[in-house]
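Engineer: So I've got this file, query.cif, and it contains mmCIF, C-alpha atoms (C1' of nucleotides) and all ligand atoms:
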data_input
loop_
_atom_site.label_atom_id
_atom_site.label_comp_id
_atom_site.auth_asym_id
_atom_site.auth_seq_id
_atom_site.Cartn_x
_atom_site.Cartn_y
_atom_site.Cartn_z
CA MET A 842 172.85 106.63 48.99
CA PRO A 843 170.67 109.24 47.29
CA THR A 844 172.09 111.27 44.45
CA VAL A 845 173.68 114.07 46.40
CA LYS A 846 176.72 115.17 44.47
CA LYS A 847 179.69 116.16 46.53
CA LEU A 848 181.53 118.99 44.85
CA PRO A 849 185.25 119.18 45.55
CA ARG A 850 185.87 122.12 47.83
CA PRO A 851 187.04 125.15 45.82
CA ALA A 852 190.54 126.21 46.85
CA ALA A 853 189.85 127.81 50.28
CA LYS A 854 190.35 131.50 49.70
CA THR A 855 190.68 132.03 53.48
CA VAL A 856 188.96 135.39 53.66
CA ARG A 857 189.95 135.63 57.31
CA PRO A 858 192.07 133.08 59.12
CA SER A 859 189.91 130.87 61.34
CA ALA A 860 192.48 130.93 64.12
CA LEU A 861 192.44 134.73 64.42
CA GLN A 862 188.67 134.94 64.42
CA ALA A 863 188.40 132.15 66.98
CA GLU A 864 190.88 133.96 69.20
CA SER A 865 189.00 137.25 68.77
CA LEU A 866 185.72 135.64 69.75
CA ARG A 867 187.32 133.95 72.75
CA GLN A 868 188.64 137.34 73.87
CA THR A 869 185.19 138.87 73.41
CA ARG A 870 183.69 136.15 75.60
CA ARG A 871 186.30 136.78 78.28
CA GLU A 872 185.42 140.47 78.20
CA HIS A 873 181.73 139.67 78.60
CA ALA A 874 182.58 137.52 81.60
CA SER A 875 184.07 140.51 83.45
CA GLU A 876 181.58 143.04 82.14
CA THR A 877 179.01 142.66 84.92
CA ALA A 878 181.62 143.08 87.65
CA GLU A 879 182.90 146.22 85.93
CA ASP A 880 179.48 147.84 85.58
CA TYR A 881 178.54 146.98 89.17
CA VAL A 882 181.66 148.33 90.89
CA GLU A 883 181.50 151.48 88.80
CA ALA A 884 177.86 151.99 89.77
CA ILE A 885 178.62 151.32 93.43
CA ALA A 886 181.45 153.87 93.43
CA ASP A 887 179.22 156.42 91.69
CA LEU A 888 176.45 155.93 94.24
CA ALA A 889 178.83 156.09 97.17
CA ALA A 890 180.17 159.37 95.81
CA SER A 891 176.83 160.95 95.02
CA GLN A 892 174.52 159.49 97.69
CA GLY A 893 176.95 158.70 100.44
CA GLU A 894 176.20 154.99 100.21
CA ALA A 895 175.11 152.32 97.75
CA ARG A 896 171.94 150.38 98.55
CA VAL A 897 170.42 147.46 96.68
CA VAL A 898 167.43 149.45 95.37
CA ASP A 899 169.65 152.23 94.06
CA LEU A 900 171.79 149.72 92.22
CA ALA A 901 168.74 147.98 90.79
CA ARG A 902 167.33 151.27 89.50
CA ARG A 903 170.64 152.36 88.02
CA LEU A 904 171.43 149.00 86.42
CA GLY A 905 167.96 148.47 85.02
CA VAL A 906 167.37 145.11 86.71
CA THR A 907 165.38 143.87 89.69
CA HIS A 908 166.74 143.83 93.23
CA VAL A 909 166.84 140.04 93.02
CA THR A 910 169.37 140.09 90.23
CA VAL A 911 171.41 142.65 92.14
CA ASN A 912 171.44 140.47 95.22
CA ARG A 913 172.62 137.36 93.45
CA THR A 914 175.28 139.23 91.52
CA LEU A 915 176.55 140.92 94.70
CA ALA A 916 177.00 137.48 96.24
CA ARG A 917 179.21 136.50 93.33
CA LEU A 918 181.16 139.78 93.47
CA GLN A 919 181.76 139.19 97.17
CA ARG A 920 182.98 135.67 96.38
CA GLU A 921 185.36 137.23 93.85
CA GLY A 922 186.58 139.82 96.34
CA TYR A 923 185.22 143.04 94.85
CA VAL A 924 182.61 143.98 97.47
CA ARG A 925 181.61 143.40 101.08
CA VAL A 926 177.94 142.89 101.78
CA GLN A 927 176.07 142.36 105.03
CA PRO A 928 172.33 141.75 105.30
CA TYR A 929 170.32 144.97 105.34
CA ARG A 930 173.45 147.09 105.18
CA ALA A 931 174.95 149.33 102.52
CA ILE A 932 177.35 147.82 99.98
CA PHE A 933 181.07 148.57 100.19
CA LEU A 934 183.86 148.11 97.69
CA THR A 935 187.02 146.28 98.70
CA ASP A 936 190.39 147.69 97.73
CA SER A 937 190.46 145.69 94.53
CA GLY A 938 186.87 146.75 93.86
CA ARG A 939 187.85 150.39 94.20
CA VAL A 940 190.79 149.94 91.85
CA LEU A 941 188.60 148.25 89.25
CA ALA A 942 185.96 150.96 89.60
CA ALA A 943 188.52 153.71 89.09
CA ASP A 944 189.96 152.03 86.00
CA CYS A 945 186.52 151.54 84.49
CA HIS A 946 185.43 155.07 85.28
CA HIS A 947 188.53 156.40 83.57
CA ARG A 948 188.04 154.19 80.52
CA HIS A 949 184.33 155.02 80.32
CA GLY A 950 185.09 158.73 80.26
CA ILE A 951 187.59 158.42 77.45
CA VAL A 952 185.27 156.31 75.31
CA VAL A 953 182.38 158.74 75.73
CA ALA A 954 184.55 161.77 75.03
CA PHE A 955 186.04 160.13 71.97
CA LEU A 956 182.63 159.27 70.50
CA CYS A 957 181.43 162.81 71.20
CA SER A 958 184.49 164.17 69.43
CA LEU A 959 183.29 162.36 66.28
CA GLY A 960 180.09 164.37 66.37
CA ILE A 961 177.89 161.76 68.02
CA PRO A 962 175.31 163.36 70.34
CA GLU A 963 176.03 163.00 74.05
CA LYS A 964 173.14 160.68 74.78
CA ALA A 965 173.87 158.32 71.88
CA ALA A 966 177.56 158.34 72.81
CA GLU A 967 176.65 157.37 76.36
CA ILE A 968 174.50 154.48 75.17
CA ASP A 969 177.08 153.07 72.74
CA ALA A 970 179.93 153.55 75.20
CA GLU A 971 178.23 151.41 77.83
CA GLY A 972 178.74 148.40 75.57
CA ILE A 973 181.89 149.39 73.68
CA GLU A 974 183.98 150.20 76.77
CA HIS A 975 184.40 146.54 77.71
CA HIS A 976 185.95 145.66 74.35
CA VAL A 977 188.50 148.47 74.18
CA SER A 978 192.02 147.10 74.66
CA PRO A 979 194.71 149.24 76.30
CA ALA A 980 196.19 149.96 72.86
CA THR A 981 192.85 151.12 71.50
CA LEU A 982 192.14 153.18 74.60
CA ALA A 983 195.50 154.86 74.13
CA ALA A 984 194.65 155.58 70.50
CA PHE A 985 191.35 157.16 71.55
CA ALA A 986 193.11 159.33 74.13
CA ARG A 987 195.81 160.35 71.65
CA GLN A 988 193.18 161.33 69.10
CA LEU A 989 191.33 163.36 71.73
CA LYS A 990 194.43 165.28 72.72
CA ALA A 991 195.32 165.96 69.08
CA ASN A 992 191.86 167.36 68.31
CA LYS A 993 191.56 169.44 71.48
CA PRO A 994 194.68 171.54 71.96
CA MET B 460 169.32 149.21 118.17
CA PRO B 461 173.13 149.35 118.10
CA THR B 462 174.79 152.71 117.71
CA VAL B 463 174.93 152.93 113.92
CA LYS B 464 174.51 156.55 113.06
CA LYS B 465 172.51 157.26 109.96
CA LEU B 466 173.87 160.29 108.17
CA PRO B 467 171.33 162.24 106.14
CA ARG B 468 171.99 161.60 102.45
CA PRO B 469 174.13 164.41 101.04
CA ALA B 470 172.31 166.30 98.30
CA ALA B 471 172.44 163.75 95.44
CA LYS B 472 174.91 165.26 92.99
CA THR B 473 173.58 162.98 90.24
CA VAL B 474 176.86 162.35 88.46
CA ARG B 475 174.98 160.50 85.75
CA PRO B 476 171.21 160.16 85.64
CA SER B 477 170.19 156.66 86.70
CA ALA B 478 167.55 156.48 84.00
CA LEU B 479 170.03 157.04 81.17
CA GLN B 480 172.51 154.52 82.50
CA ALA B 481 169.76 151.95 83.05
CA GLU B 482 168.58 152.46 79.49
CA SER B 483 172.15 152.17 78.17
CA LEU B 484 172.68 148.90 80.00
CA ARG B 485 169.37 147.54 78.78
CA GLN B 486 170.41 148.38 75.23
CA THR B 487 173.76 146.66 75.77
CA ARG B 488 171.96 143.53 76.98
CA ARG B 489 169.72 143.58 73.91
CA GLU B 490 172.81 143.80 71.71
CA HIS B 491 174.38 140.84 73.49
CA ALA B 492 171.21 138.86 72.88
CA SER B 493 171.60 139.20 69.10
CA GLU B 494 175.39 138.96 69.08
CA THR B 495 175.61 135.20 68.73
CA ALA B 496 173.23 135.15 65.79
CA GLU B 497 175.25 137.87 64.08
CA ASP B 498 178.60 136.14 64.52
CA TYR B 499 177.19 132.80 63.36
CA VAL B 500 175.52 134.01 60.17
CA GLU B 501 178.60 136.03 59.27
CA ALA B 502 180.81 132.97 59.78
CA ILE B 503 178.44 130.78 57.77
CA ALA B 504 178.44 133.24 54.87
CA ASP B 505 182.24 133.48 55.01
CA LEU B 506 182.61 129.70 54.95
CA ALA B 507 180.10 129.29 52.14
CA ALA B 508 182.04 131.85 50.11
CA SER B 509 185.50 130.45 50.81
CA GLN B 510 184.87 126.70 51.15
CA GLY B 511 181.74 126.26 49.12
CA GLU B 512 179.77 125.15 52.14
CA ALA B 513 179.58 125.56 55.91
CA ARG B 514 179.89 122.43 58.05
CA VAL B 515 179.57 122.09 61.80
CA VAL B 516 183.27 121.39 62.38
CA ASP B 517 184.33 124.39 60.33
CA LEU B 518 182.03 126.63 62.33
CA ALA B 519 183.28 125.19 65.60
CA ARG B 520 186.89 125.84 64.63
CA ARG B 521 186.18 129.35 63.42
CA LEU B 522 184.02 130.31 66.41
CA GLY B 523 186.35 128.81 68.99
CA VAL B 524 183.77 126.52 70.59
CA THR B 525 182.97 122.81 70.48
CA HIS B 526 180.73 121.25 67.86
CA VAL B 527 178.15 120.66 70.60
CA THR B 528 177.72 124.35 71.21
CA VAL B 529 177.47 124.94 67.47
CA ASN B 530 174.73 122.34 67.16
CA ARG B 531 172.56 123.73 69.91
CA THR B 532 172.99 127.30 68.68
CA LEU B 533 172.10 126.28 65.12
CA ALA B 534 168.86 124.79 66.44
CA ARG B 535 167.99 128.14 67.98
CA LEU B 536 168.95 130.04 64.83
CA GLN B 537 166.74 127.74 62.78
CA ARG B 538 163.88 128.39 65.24
CA GLU B 539 164.49 132.11 64.71
CA GLY B 540 164.54 131.75 60.94
CA TYR B 541 168.16 132.53 60.11
CA VAL B 542 169.37 129.12 58.92
CA ARG B 543 168.14 125.79 57.58
CA VAL B 544 169.80 122.69 58.97
CA GLN B 545 169.31 119.01 58.17
CA PRO B 546 171.09 116.15 59.94
CA TYR B 547 174.50 115.42 58.45
CA ARG B 548 174.07 118.13 55.82
CA ALA B 549 175.75 121.48 55.23
CA ILE B 550 174.25 124.58 56.84
CA PHE B 551 172.39 127.12 54.71
CA LEU B 552 171.33 130.68 55.40
CA THR B 553 167.76 131.74 54.83
CA ASP B 554 167.01 135.01 53.05
CA SER B 555 166.87 136.88 56.34
CA GLY B 556 170.06 135.13 57.43
CA ARG B 557 171.81 136.33 54.28
CA VAL B 558 170.61 139.89 54.83
CA LEU B 559 171.83 139.86 58.43
CA ALA B 560 175.17 138.39 57.37
CA ALA B 561 175.68 141.07 54.74
CA ASP B 562 174.85 143.86 57.19
CA CYS B 563 177.23 142.47 59.78
CA HIS B 564 180.00 141.93 57.27
CA HIS B 565 179.66 145.53 56.12
CA ARG B 566 179.66 146.87 59.70
CA HIS B 567 182.59 144.65 60.69
CA GLY B 568 184.68 145.97 57.82
CA ILE B 569 184.03 149.60 58.73
CA VAL B 570 184.86 149.08 62.40
CA VAL B 571 188.14 147.32 61.59
CA ALA B 572 189.14 149.93 59.01
CA PHE B 573 188.31 152.73 61.42
CA LEU B 574 190.41 151.26 64.22
CA CYS B 575 193.29 150.70 61.81
CA SER B 576 193.02 154.33 60.71
CA LEU B 577 193.77 155.31 64.32
CA GLY B 578 197.07 153.50 64.11
CA ILE B 579 196.00 150.29 65.84
CA PRO B 580 197.76 147.24 64.37
CA GLU B 581 195.60 145.07 62.10
CA LYS B 582 195.51 142.11 64.44
CA ALA B 583 194.61 144.11 67.55
CA ALA B 584 191.99 145.98 65.52
CA GLU B 585 190.48 142.69 64.44
CA ILE B 586 190.31 141.44 68.03
CA ASP B 587 188.71 144.60 69.44
CA ALA B 588 186.32 144.94 66.50
CA GLU B 589 184.84 141.49 67.08
CA GLY B 590 183.40 142.77 70.35
CA ILE B 591 182.87 146.45 69.53
CA GLU B 592 180.93 145.88 66.30
CA HIS B 593 177.79 144.75 68.15
CA HIS B 594 177.56 147.97 70.15
CA VAL B 595 177.97 150.42 67.28
CA SER B 596 174.68 152.20 66.57
CA PRO B 597 173.85 153.33 63.02
CA ALA B 598 174.77 156.90 63.99
CA THR B 599 178.16 155.83 65.31
CA LEU B 600 178.79 153.60 62.30
CA ALA B 601 178.04 156.59 60.08
CA ALA B 602 180.49 158.69 62.08
CA PHE B 603 183.20 156.03 61.64
CA ALA B 604 182.57 155.89 57.89
CA ARG B 605 182.59 159.69 57.60
CA GLN B 606 185.88 159.88 59.47
CA LEU B 607 187.37 157.22 57.21
CA LYS B 608 186.37 159.06 54.07
CA ALA B 609 187.74 162.34 55.43
CA ASN B 610 191.11 160.80 56.27
CA LYS B 611 191.50 158.83 53.04
CA PRO B 612 190.84 161.05 50.06
"C1'" DT C 1280 154.90 153.37 120.59
"C1'" DT C 1281 152.81 151.39 116.73
"C1'" DC C 1282 152.58 149.91 112.16
"C1'" DA C 1283 152.35 150.58 107.08
"C1'" DA C 1284 155.49 151.23 103.53
"C1'" DA C 1285 159.90 150.68 101.81
"C1'" DG C 1286 163.76 147.95 101.57
"C1'" DT C 1287 165.88 143.51 101.63
"C1'" DG C 1288 166.23 138.45 101.31
"C1'" DT C 1289 165.08 133.85 99.30
"C1'" DA C 1290 162.85 130.05 96.68
"C1'" DG C 1291 162.32 128.58 92.40
"C1'" DC C 1292 161.44 129.33 87.51
"C1'" DC C 1293 163.66 130.21 82.68
"C1'" DA C 1294 167.00 130.69 78.59
"C1'" DA C 1295 171.59 131.11 76.74
"C1'" DA C 1296 176.05 129.21 76.18
"C1'" DG C 1297 179.74 126.87 77.53
"C1'" DC C 1298 181.46 121.92 78.47
"C1'" DT C 1299 182.46 116.24 78.59
"C1'" DA C 1300 181.19 111.76 77.41
"C1'" DC C 1301 179.21 108.80 74.53
"C1'" DA C 1302 176.30 107.14 70.41
"C1'" DT C 1303 175.49 107.25 65.60
"C1'" DT C 1304 176.35 108.24 60.64
"C1'" DA C 1305 179.31 109.19 56.49
"C1'" DT C 1306 183.41 108.76 53.89
"C1'" DG C 1307 187.59 107.58 51.95
"C1'" DT C 1308 191.05 104.13 51.65
"C1'" DA C 1309 193.03 99.71 51.82
"C1'" DT D 81 183.52 95.87 50.01
"C1'" DA D 82 185.10 96.39 54.71
"C1'" DC D 83 186.12 99.36 58.29
"C1'" DA D 84 188.80 102.92 60.69
"C1'" DT D 85 188.32 107.66 61.14
"C1'" DA D 86 186.10 111.86 60.82
"C1'" DA D 87 181.93 114.17 61.31
"C1'" DT D 88 177.70 114.69 63.48
"C1'" DG D 89 174.19 114.14 67.02
"C1'" DT D 90 172.49 113.76 71.87
"C1'" DA D 91 172.26 113.37 77.01
"C1'" DG D 92 173.16 115.80 80.77
"C1'" DC D 93 176.06 118.84 83.55
"C1'" DT D 94 177.49 123.88 84.89
"C1'" DT D 95 177.37 129.05 85.35
"C1'" DT D 96 175.41 133.40 84.48
"C1'" DG D 97 171.86 136.48 84.68
"C1'" DG D 98 167.16 137.57 83.80
"C1'" DC D 99 162.37 137.08 86.18
"C1'" DT D 100 157.89 136.56 89.78
"C1'" DA D 101 156.11 135.58 94.13
"C1'" DC D 102 156.44 135.73 98.69
"C1'" DA D 103 158.65 136.40 103.40
"C1'" DC D 104 161.17 139.10 106.62
"C1'" DT D 105 163.40 143.51 108.51
"C1'" DT D 106 163.86 148.58 108.93
"C1'" DT D 107 162.32 153.01 109.17
"C1'" DG D 108 159.77 157.05 109.62
"C1'" DA D 109 155.50 159.26 110.66
"C1'" DA D 110 151.22 159.29 113.09
MN MN A 1401 179.37 149.06 80.52
MN MN A 1402 181.51 139.84 66.77
MN MN A 1403 182.34 139.95 63.14
MN MN A 1404 179.73 143.21 74.31
#
Go through the file and emit its structure as structure tokens.
Ligand SMILES: [Mn+2]
Ligand SMILES: [Mn+2]
Ligand SMILES: [Mn+2]
Ligand SMILES: [Mn+2]
Structural biologist:
Amino acid sequence: MPTVKKLPRPAAKTVRPSALQAESLRQTRREHASETAEDYVEAIADLAASQGEARVVDLARRLGVTHVTVNRTLARLQREGYVRVQPYRAIFLTDSGRVLAADCHHRHGIVVAFLCSLGIPEKAAEIDAEGIEHHVSPATLAAFARQLKANKP
Amino acid sequence: MPTVKKLPRPAAKTVRPSALQAESLRQTRREHASETAEDYVEAIADLAASQGEARVVDLARRLGVTHVTVNRTLARLQREGYVRVQPYRAIFLTDSGRVLAADCHHRHGIVVAFLCSLGIPEKAAEIDAEGIEHHVSPATLAAFARQLKANKP
DNA sequence: TTCAAAGTGTAGCCAAAGCTACATTATGTA
DNA sequence: TACATAATGTAGCTTTGGCTACACTTTGAA
């Protein structure tokens, strides 16, 4: 063996417990797994409200991806029971899709308003919120809402 | 053609401009693309500080994945210039890896402290922060820090 | 009524990240 | 010094979500 000295490990200061960080990262991955569904149903509900119906091209434009990606994702969302799709027809939310969309819309609004209340410009708040929203637990959402109400009487 | 009436599209209320939402989602996807690198280098720096060195098993435990996933990701991070790895040796950060780790550590601390300052329990704050941190723009991070300083004189 | 343009669908490519199963190397202890 | 065990590496599978290229269907205007 070459002369590679093996220092004894210095008494593990445990800056942050491994178990908690591992659990946090697992939770973050779970949130990312539902993120696409959330953004899609919210966009579909928005389009249905503003345009009367949601079509593949509209979704693609709004989500910043190609229509191919939209198509494949819609197939998955149908499999998971959030939407109903038929070839060459508009896209419709199921009941559970509508519920999810409403929840996400509500949460999105609170996150944006909260960031704005900190002095962040509308547009920047909108950009950050699109990512942050999926990692805001019910407790944190409640804290945001509480803070908003306290600052705006 | 079957009798499917085509209503004229009601005057597009444009709840949220498609362009802004598309750009927000693109930004979120970019952030997700760098997220793994950020969490890894931060974990490696933490382990090096607390244990003296970072080994594959330690990383796997701390990140909540198998050692296989750690190995493949480390190969990518080496390709991207954040780490140096040698078979059966400890993992080392490059200069740019150390810089990234320091930035992320700093940002992580501010996000956790900010959430705690809203009354969210430490553990919940830690969990939410692990996901939120990657979507906090410099402007928003500054707002968090400002708020913290204002509330803790 | 025709037909070009717009919309939609599909085949097949890629990379990232997760995994299990198994092979190989180091290490500490008997 | 052996050798069992822990650590590490690798082969190969899966899912998700990007993409281009091309084919098919609808739709509206000439
Ligand atoms: Mn979002
Ligand atoms: Mn993180
Ligand atoms: Mn972190
Ligand atoms: Mn995220």
Engineer: List as a ChimeraX atom specification the protein and nucleic acid residues lying within 6 Å of ligand MN 1401 (chain A), with all atoms listed in the file counted.
Structural biologist: /A:880,971-972
Engineer: Between CA of Arg543 in chain B and CA of Val595 in chain B, what is the distance in Å, rounded to a tenth?
Structural biologist: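 CA of Val595 in chain B lies at a distance of 28.2 Å from CA of Arg543 in chain B.
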Engineer: For the contact check between chain C and chain A, emit one row per residue of chain C within 12 Å, containing the shortest atom pair and the distance in Å rounded to one decimal, counting all atoms listed in the file, chain then rising number order, as a tab-separated table.
Structural biologist:
residue	atom	partner	partner_atom	distance
C:DA1285	C1'	A:Val898	CA	10.0
C:DG1286	C1'	A:Val898	CA	7.4
C:DT1287	C1'	A:Tyr929	CA	6.0
C:DG1288	C1'	A:Pro928	CA	8.0
C:DT1289	C1'	A:Val909	CA	9.0
C:DA1290	C1'	A:Val909	CA	11.4
C:DA1296	C1'	A:Arg870	CA	10.3
C:DG1297	C1'	A:Arg870	CA	10.3
C:DA1305	C1'	A:Met842	CA	10.2
C:DT1306	C1'	A:Lys847	CA	11.1
Engineer: Rank A:His873, A:Lys964, A:His975, A:Arg902 by their smallest atom-to-atom distance to His949 in chain A, using only C-alpha atoms, and report the top residue only.
Structural biologist: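 Of A:His873, A:Lys964, A:His975, A:Arg902, the one nearest His949 in chain A, counting only C-alpha atoms, is A:His975.
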Engineer: So how many Å separate CA of Ser477 in chain B and CA of Ile932 in chain A, to one decimal?
Structural biologist: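 Distance between the two atoms: 17.5 Å.
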Engineer: Tell me the residues of chain B close to chain A, meaning within 7 Å using only C-alpha atoms, as number ranges by chain.
Structural biologist: B: 468-469, 471-474, 477-478, 480-485, 487, 509-511, 520-523, 577, 579, 586-587, 589-591, 594-596, 599, 602
Engineer: Counting all atoms listed in the file, which residues of chain D fall within 9 Å of chain A, and what is the closest atom pair for each with its distance in Å at one decimal, ordered by chain and rising number, as a Markdown table?
Structural biologist:
| residue | atom | partner | partner_atom | distance |
| --- | --- | --- | --- | --- |
| D:DT96 | C1' | A:Ala874 | CA | 8.8 |
| D:DG97 | C1' | A:Thr910 | CA | 7.1 |
| D:DG98 | C1' | A:Thr910 | CA | 7.3 |
| D:DC99 | C1' | A:Thr907 | CA | 8.2 |
| D:DT105 | C1' | A:Tyr929 | CA | 7.8 |
| D:DT106 | C1' | A:Tyr929 | CA | 8.2 |
Engineer: To one decimal place, how far is CA of Arg557 in chain B from CA of Ala496 in chain B in Å?
Structural biologist: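 It comes out at 11.7 Å.
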Engineer: Can you sort out the box for range 534-547 of chain B, edges along x, y and z, all listed atoms in, 8 Å on every side, with centre and edge lengths in Å to one decimal, as AutoDock Vina command-line options?
Structural biologist:
--center_x 169.2 --center_y 124.0 --center_z 62.8 --size_x 26.6 --size_y 33.1 --size_z 26.4
Engineer: Please return range 554-565 of chain B, rebuilt to N, CA, C and O atoms, as a short mmCIF file (atom, residue, chain, number, x, y, z; two decimals), keeping the file's coordinate frame.
Structural biologist:
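Heads up, here's the output in out27.cif:
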data_model
loop_
_atom_site.label_atom_id
_atom_site.label_comp_id
_atom_site.auth_asym_id
_atom_site.auth_seq_id
_atom_site.Cartn_x
_atom_site.Cartn_y
_atom_site.Cartn_z
N ASP B 554 166.91 133.66 53.61
CA ASP B 554 167.01 135.01 53.05
C ASP B 554 167.35 136.00 54.16
O ASP B 554 168.24 136.84 54.02
N SER B 555 166.63 135.90 55.28
CA SER B 555 166.87 136.88 56.34
C SER B 555 168.24 136.65 56.96
O SER B 555 168.89 137.59 57.43
N GLY B 556 168.71 135.41 56.97
CA GLY B 556 170.06 135.13 57.43
C GLY B 556 171.10 135.79 56.53
O GLY B 556 172.10 136.35 57.01
N ARG B 557 170.86 135.72 55.22
CA ARG B 557 171.81 136.33 54.28
C ARG B 557 171.84 137.84 54.44
O ARG B 557 172.91 138.47 54.40
N VAL B 558 170.67 138.44 54.64
CA VAL B 558 170.61 139.89 54.83
C VAL B 558 171.39 140.29 56.09
O VAL B 558 172.22 141.21 56.07
N LEU B 559 171.13 139.56 57.18
CA LEU B 559 171.83 139.86 58.43
C LEU B 559 173.34 139.70 58.26
O LEU B 559 174.13 140.55 58.71
N ALA B 560 173.75 138.64 57.58
CA ALA B 560 175.17 138.39 57.37
C ALA B 560 175.82 139.53 56.60
O ALA B 560 176.92 139.99 56.92
N ALA B 561 175.12 139.99 55.56
CA ALA B 561 175.68 141.07 54.74
C ALA B 561 175.83 142.35 55.56
O ALA B 561 176.86 143.03 55.51
N ASP B 562 174.79 142.67 56.34
CA ASP B 562 174.85 143.86 57.19
C ASP B 562 176.04 143.79 58.15
O ASP B 562 176.78 144.76 58.33
N CYS B 563 176.18 142.62 58.78
CA CYS B 563 177.23 142.47 59.78
C CYS B 563 178.62 142.52 59.15
O CYS B 563 179.55 143.08 59.72
N HIS B 564 178.72 141.92 57.98
CA HIS B 564 180.00 141.93 57.27
C HIS B 564 180.40 143.36 56.95
O HIS B 564 181.55 143.78 57.14
N HIS B 565 179.43 144.12 56.46
CA HIS B 565 179.66 145.53 56.12
C HIS B 565 180.10 146.31 57.36
O HIS B 565 181.11 147.02 57.35
#
